[in-house]
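Here is the structure we will look at.
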Amino acid sequence: MPDRDDSDALDAYSRAVSSVARSVTPHVASVRLGRGGGSAVVFDDDGYLLTNAHVVGRERGGTATFADGAEAPFQVVGADPLSDLAVLRVRGQAPPAAVLGDADQLVVGQLVVAIGSPLGFSGSVTAGVVSALGRAIPVRQGRAARVIEDVIQTDAALNPGNSGGALADSAGRVVGVNTAVAGFGLGLAVPVNATTRRIIDTLLVEGHVRRAYLGVVGVPAPLPDDVAERTGQSAGLRVVEVVAGGPADRAGLRAGDLVLTVGRERVADAQGIQRQLFAEVIGTRLAVTVLRNGAMVDVFATPTELVG
């Protein structure tokens, strides 16, 4: 039998997870569209829901079912494939908005709770910890390849239908939108932070986000001591994959390159690149400084507009 301290710890963990489930579940809907479905989170009191772009696909509307069994039709306001985010608006009554947090404040090892509708079972709860931050994952849709940047990795189990659901911290704040798109057997979530809030605001106003696209997958990595001392920069983004045929590939970026700056702005993680990739840099020549074989090299990439 576990000793008293172990039992107390288990009770504390259970209380934390059940408290989050109780507070967040009412704000999470199961969504059905023409050829599939997933989950969505109410983030605005005017009936706006946040989900994954891949859940929506090319559909323009569907039906949302909330935790209390209430159903309401919705229309798709807009979607942004690069961030894998989409905004829906319910026609009719919706629960009040969930509390949004800031994923930039997460730390590895922190408790997180995933709530969604895996395999159609609405209101399902799984829990785990933040396994890693700043991931970037390549995703292929038919012949098109893209990269979802700055992803949160957790060990909370996710299955088809979880996509678009809430990833919440122990205070019940939604810090991510779960995605099962990768199919790697990992728990992954798009972060809720300043960058994604900018994307959400643009979707609300314009229905789409003009996004520049480079096509690199990377992970944060420390700079060698001599380079860090010379540049005053402690970390960069190690390129682990370059999407074939993309702007980065055409510019000559290679797996193994350590990206220091993009557009002369320092980069320490995937979000550092993502911040540069809005409409204003589409079609412009963008300087990318990398550390390659011990030497600092400039390459020039011309981002294209992400389509589809």
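Ordering of the structure tokens sets the chain letters (A, B, ...); residue numbers start at 1 within each chain; ligands are numbered from 1 in the order shown.
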Residues within 6 Å of Val240 of chain A, only C-alpha atoms, excluding chain neighbours under 4 positions, as a PyMOL selection string: chain A and resi 217-218+255
Near-Tyr213 of chain A list (12 Å; only C-alpha atoms; drop same-chain fewer than 6 positions) as a ChimeraX atom specification: /A:81-83,145-149,242-243,245-249,273-284,286,301-308
Strand (DSSP E or B) call set, DSSP backbone run, segment 151-275 of chain A, as JSON, numbers by chain: {"A": [151, 152, 153, 154, 166, 167, 168, 169, 174, 175, 176, 177, 178, 179, 187, 188, 189, 190, 191, 211, 212, 213, 216, 217, 218, 219, 220, 221, 222, 235, 236, 237, 238, 239, 240, 241, 242, 258, 259, 260, 261, 262, 265, 266]}
Residue nearest Ala40 of chain A among A:Val28, A:Val20, A:Val174, A:Ala168 (counting only C-alpha atoms):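 The closest residue to Ala40 of chain A is A:Val28.
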Residue neighbourhood Asp104 of chain A, 7 Å, only C-alpha atoms, exclusion window fewer than 2 positions, as a list in words: Asp102, Leu106 and Asn193 of chain A
For those residues, write C-alpha atoms to a file as a PDB file, in the first residue's frame.
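Heads up, here's the output in selection-v1.pdb:
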```pdb
ATOM      1  CA  ASP A 102      -0.340  32.715 -21.874  1.00  0.00           C
ATOM      2  CA  LEU A 106       4.655  27.512 -19.390  1.00  0.00           C
ATOM      3  CA  ASN A 193       0.124  33.602 -26.671  1.00  0.00           C
TER       4      ASN A 193
END
```
